[in-house]
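Here's the structure, in structure tokens; my notes come after.
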Amino acid sequence: MARILSLLQPQPFLAVVSRQKPALCKMSMASRSREVFAAAVQAVHPDTVVRQSIERKEDSVIIDGHKFTLKHNVHLVGFGKAVLGMAAEVERIMGDHLVKGVISVPHGIQQTLQQHGKGNLLLKENSQIKVMEGAKHNLPDEDAQRAAERIKQLASELTEKDLLLVLISGGGSALLPSPIPPISLQEKLEVTRKLAAAGSTIQELNTVRRALSLLKGGGLAHHAHPAQVVALILSDVIGDPLDLIASGPTVRSEVWPEEILSILERYKMLNSLPASVNDVLSRQSPRWKDNKDESDTSGHVLNVVIGSNSVALQCAGRRARELGFRPVVLSPGVCGNVRSVSRLYGLLARFACSREEPPPEIAAEVLRLGPEVGVESWDLCRTMQVLDEGRTEGWGATCLLAGGEPTVELTGKGRGGRNQELALRVGVELRGLKLPPHGPVFLSGGTDGQDGPTEAAGAITDAGLYDEAKAQGLDIDNFLINNDSYTFFSRLSARQRLLTPGLTCTNVMDVHVLLIPAIPIEIR
């Protein structure tokens, strides 16, 4: 291990942090993990991220360092699960200059927000913004298509004096379906469904979606020209790639028919395409003809990611420090199978909790797992260096933070989600370590408040999980085989380990929290 870590120079800020002993906290480790998760979610609430990204100064606003003049020239469109709350905050900030707006939001969202007491995320009664609900079950439908048409119409009517605010969040792609005629919505859905079932990558899927859409891949920005377009984006995609979030309606991308045909041929779909799709792909001209003076629209479009997993982790780290932990962020892009991800966290916990020099095999396996879970070797080495220095220099308790979107291999028909299954598997990995408060605690939660088809966002676990389940007659292996993690945690200890924050109205993927107590050191 020493050999691996010696390749890295200590980070300058670590020397400063090492002298600062966090304040002690009387809360339990589990309660503090919940507090850290709550801080992560609060940081990316739709109204919070909008409020922090727009600075109003009399008759102008500053967004991402750019100043825009307000002259009753503001128009607004939006699409996504969090857009209603985002729009409500925009209205509070610059509603006096808002001419009109249209937003496409999930079916039933207004009633749900009212029922949950989230009135601050609803528009005022005399709002200039029209709310259109659609995309039942997160699938494009005729209601969403009508909303997309209204959005396109609004954008197409703008002039060079207008400012178009575009609000985008997770779920936006399904809420902005606008297939190129003569392709029908059902035909476009069938093509993308078959591609997904054939094992295409998200990049390939989005490439085909853009080729068949009027608004995606920069189409919305095109229709809004020559107006100034400012997109405020709440990202639910690892790495925050602008062209992938809601398929990039404000990010211009060239579509080459040869590339599309190559993808379709790769998955043996060329001979089964609808005639309308063949018609569109055979056209030599671009999806839309450039307006005059539109050879380059980049100066008229500003894309700003105002909320992301990284933002959530940063604020979670601040809360962790307040609660007596030294925070360290592993990565906001953890992915791959939950089996590999749980193994990684189990190894890092054993590494950090070791009272002696950890065996080199642990570091070797951690680095081997890196590519499987989407974490760079540099980030793993940096994290192990911090954990190792924390051990040897007696820094006290540590909070390891990460985020992303792991996957679950379905082998059963139980109820659960990736966060609850990850927590369950990590609990198994931690077996044999000390119990809290002298041993680690792990939390995994979805920032949208819903993990799979359950009411829970995730769960909390520690080294005592296996014996606790056994004492209550619960066989962890059987629950894992059946992907039944929600049922497991519901039956265990009166549901005390479940994470149930309720409706959060946001989504920046998942947050993982590994709390490691101060470890007495034995130096030989």
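By order of appearance in the structure tokens: chains A, B, ..., then residues from 1 within every chain, and ligands from 1 in the order shown.
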
Q | Backbone-only DSSP, helix (DSSP H, G or I) members of region 401-485 of chain A, as a PyMOL selection string | A | chain A and resi 418-429+465-471+476-481+485

Q: Find the residues near Ala197 (chain A): any atom within 12 Å, counting only C-alpha atoms, skip ones fewer than 6 places away on the same chain, and give them as a ChimeraX atom specification.
A: /A:190-191,205,267,269

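Minimum distance to Ala43 (chain A) across A:His107, A:His300, A:His223, A:Arg319 (counting only C-alpha atoms) occurs at A:Arg319.
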
Q | Residues within 7 Å of region 485-498 of chain A, only C-alpha atoms, excluding chain neighbours under 5 positions, as a ChimeraX atom specification | A | /A:415-416,420-421,424,456,458-461,469,479-480

Q | Spatial neighbours of Ile233 (chain A), max dist 10 Å, only C-alpha atoms, sep filter under 2 positions, as a ChimeraX atom specification | A | /A:49-50,78,80,83,86,166-170,230-231,235-236,240,242,245-246,303-308

Q: Can you work out the spacing between CA of Ser253 (chain A) and CA of Lys194 (chain A) in Å, to one decimal?
A: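 Between CA of Ser253 (chain A) and CA of Lys194 (chain A) the gap works out to 23.3 Å.
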
**Q.** All residues 12 Å or closer to region 362-375 of chain A, only C-alpha atoms, same chain fewer than 4 positions away omitted, as a count of residues only
**A.** 49

Q: Run DSSP on the backbone and grab whatever in region 459-501 of chain A lands in strand (DSSP E or B); send it over as number ranges by chain.
A: A: 459-462, 498-499

Residue subset to file, keeping N, CA and C atoms, as a compact mmCIF listing (two decimals), in the first residue's frame:
# COMPACT_ATOMS: atom_id res chain seq x y z
N ALA A 459 -31.47 2.88 1.99
CA ALA A 459 -31.39 2.25 3.31
C ALA A 459 -30.03 2.52 3.94
N ILE A 460 -29.95 2.23 5.25
CA ILE A 460 -28.73 2.41 6.03
C ILE A 460 -28.29 1.06 6.59
N THR A 461 -27.00 0.82 6.59
CA THR A 461 -26.52 -0.49 7.03
C THR A 461 -25.20 -0.37 7.78
N ASP A 462 -24.82 -1.46 8.45
CA ASP A 462 -23.54 -1.50 9.16
C ASP A 462 -23.12 -2.96 9.32
N LEU A 498 -34.70 1.76 6.87
CA LEU A 498 -35.15 2.34 5.61
C LEU A 498 -34.96 3.85 5.62
N LEU A 499 -34.66 4.41 4.46
CA LEU A 499 -34.51 5.84 4.26
C LEU A 499 -35.75 6.34 3.52

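Considering only C-alpha atoms, the residue among A:Ala457, A:Met27, A:Val208, A:Ile183 positioned nearest to Leu195 (chain A) is A:Val208.
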
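CA of Ile519 (chain A) is found 26.2 Å from CA of Ala40 (chain A).
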
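Distances from A:Val90, A:Val77, A:Leu503, A:Val328 to Pro249 (chain A) were compared using only C-alpha atoms, and the smallest one belongs to A:Val77.
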
Selection: 9 Å around Asp64 (chain A), only C-alpha atoms, excl. self and same-chain fewer than 2 positions, as a CSV table (one decimal) with all heavy atoms, in the first residue's frame:
chain,number,residue,atom,x,y,z
A,53,SER,N,-28.6,30.6,-8.9
A,53,SER,CA,-28.0,30.8,-10.2
A,53,SER,C,-28.4,32.1,-10.9
A,53,SER,O,-27.8,32.5,-11.9
A,53,SER,CB,-28.4,29.6,-11.1
A,53,SER,OG,-29.8,29.6,-11.4
A,54,ILE,N,-29.5,32.7,-10.4
A,54,ILE,CA,-30.0,34.0,-11.0
A,54,ILE,C,-29.8,35.1,-10.0
A,54,ILE,O,-30.4,35.1,-8.9
A,54,ILE,CB,-31.4,33.9,-11.4
A,54,ILE,CG1,-31.6,32.7,-12.4
A,54,ILE,CG2,-31.9,35.2,-12.0
A,54,ILE,CD1,-33.1,32.5,-12.8
A,62,ILE,N,-28.1,38.5,-13.8
A,62,ILE,CA,-26.8,38.0,-14.1
A,62,ILE,C,-26.8,36.5,-13.9
A,62,ILE,O,-27.2,36.0,-12.8
A,62,ILE,CB,-25.7,38.6,-13.2
A,62,ILE,CG1,-25.6,40.1,-13.4
A,62,ILE,CG2,-24.3,37.9,-13.4
A,62,ILE,CD1,-24.7,40.8,-12.4
A,66,HIS,N,-22.9,36.3,-17.0
A,66,HIS,CA,-23.4,37.0,-18.2
A,66,HIS,C,-24.6,37.9,-17.7
A,66,HIS,O,-25.5,37.4,-17.0
A,66,HIS,CB,-23.9,36.0,-19.3
A,66,HIS,CG,-22.8,35.2,-19.8
A,66,HIS,ND1,-22.3,34.1,-19.1
A,66,HIS,CD2,-22.1,35.2,-21.0
A,66,HIS,CE1,-21.3,33.5,-19.9
A,66,HIS,NE2,-21.2,34.2,-21.0
A,67,LYS,N,-24.6,39.1,-18.2
A,67,LYS,CA,-25.7,40.1,-17.8
A,67,LYS,C,-26.7,40.2,-19.0
A,67,LYS,O,-26.4,40.3,-20.1
A,67,LYS,CB,-25.1,41.4,-17.6
A,67,LYS,CG,-26.1,42.5,-17.0
A,67,LYS,CD,-25.4,43.8,-16.7
A,67,LYS,CE,-26.3,44.8,-16.1
A,67,LYS,NZ,-25.7,46.1,-15.8
A,302,LEU,N,-26.7,30.0,-24.1
A,302,LEU,CA,-25.9,29.8,-23.0
A,302,LEU,C,-26.5,28.6,-22.2
A,302,LEU,O,-27.7,28.7,-21.8
A,302,LEU,CB,-25.9,31.1,-22.1
A,302,LEU,CG,-25.2,31.0,-20.7
A,302,LEU,CD1,-23.7,30.7,-20.9
A,302,LEU,CD2,-25.5,32.2,-19.8
A,304,VAL,N,-26.2,26.3,-18.8
A,304,VAL,CA,-25.6,26.4,-17.5
A,304,VAL,C,-26.2,25.2,-16.7
A,304,VAL,O,-27.4,25.1,-16.5
A,304,VAL,CB,-25.9,27.7,-16.8
A,304,VAL,CG1,-25.2,27.8,-15.4
A,304,VAL,CG2,-25.6,28.9,-17.7

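The two atoms in question, CA of Leu410 (chain A) and CA of Asp477 (chain A), are spaced 14.2 Å apart.
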
(Q) With only C-alpha atoms as the counted atoms, please give the residues lying no more than 8 Å from region 138-146 of chain A, apart from itself and same-chain residues fewer than 5 positions off, as a list in words. (A) Ser104, Pro106, Met132, Glu133, Gly171, Ala174, Leu175, Leu176, Pro177, Ser178, Leu185 and Leu189 of chain A

Q. From the set A:Pro360, A:Pro517, A:Gly502, A:Pro437, which residue has the shortest atom-to-atom contact distance to Thr112 (chain A), counting only C-alpha atoms?
A.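 For Thr112 (chain A), the nearest of the candidates is A:Gly502.
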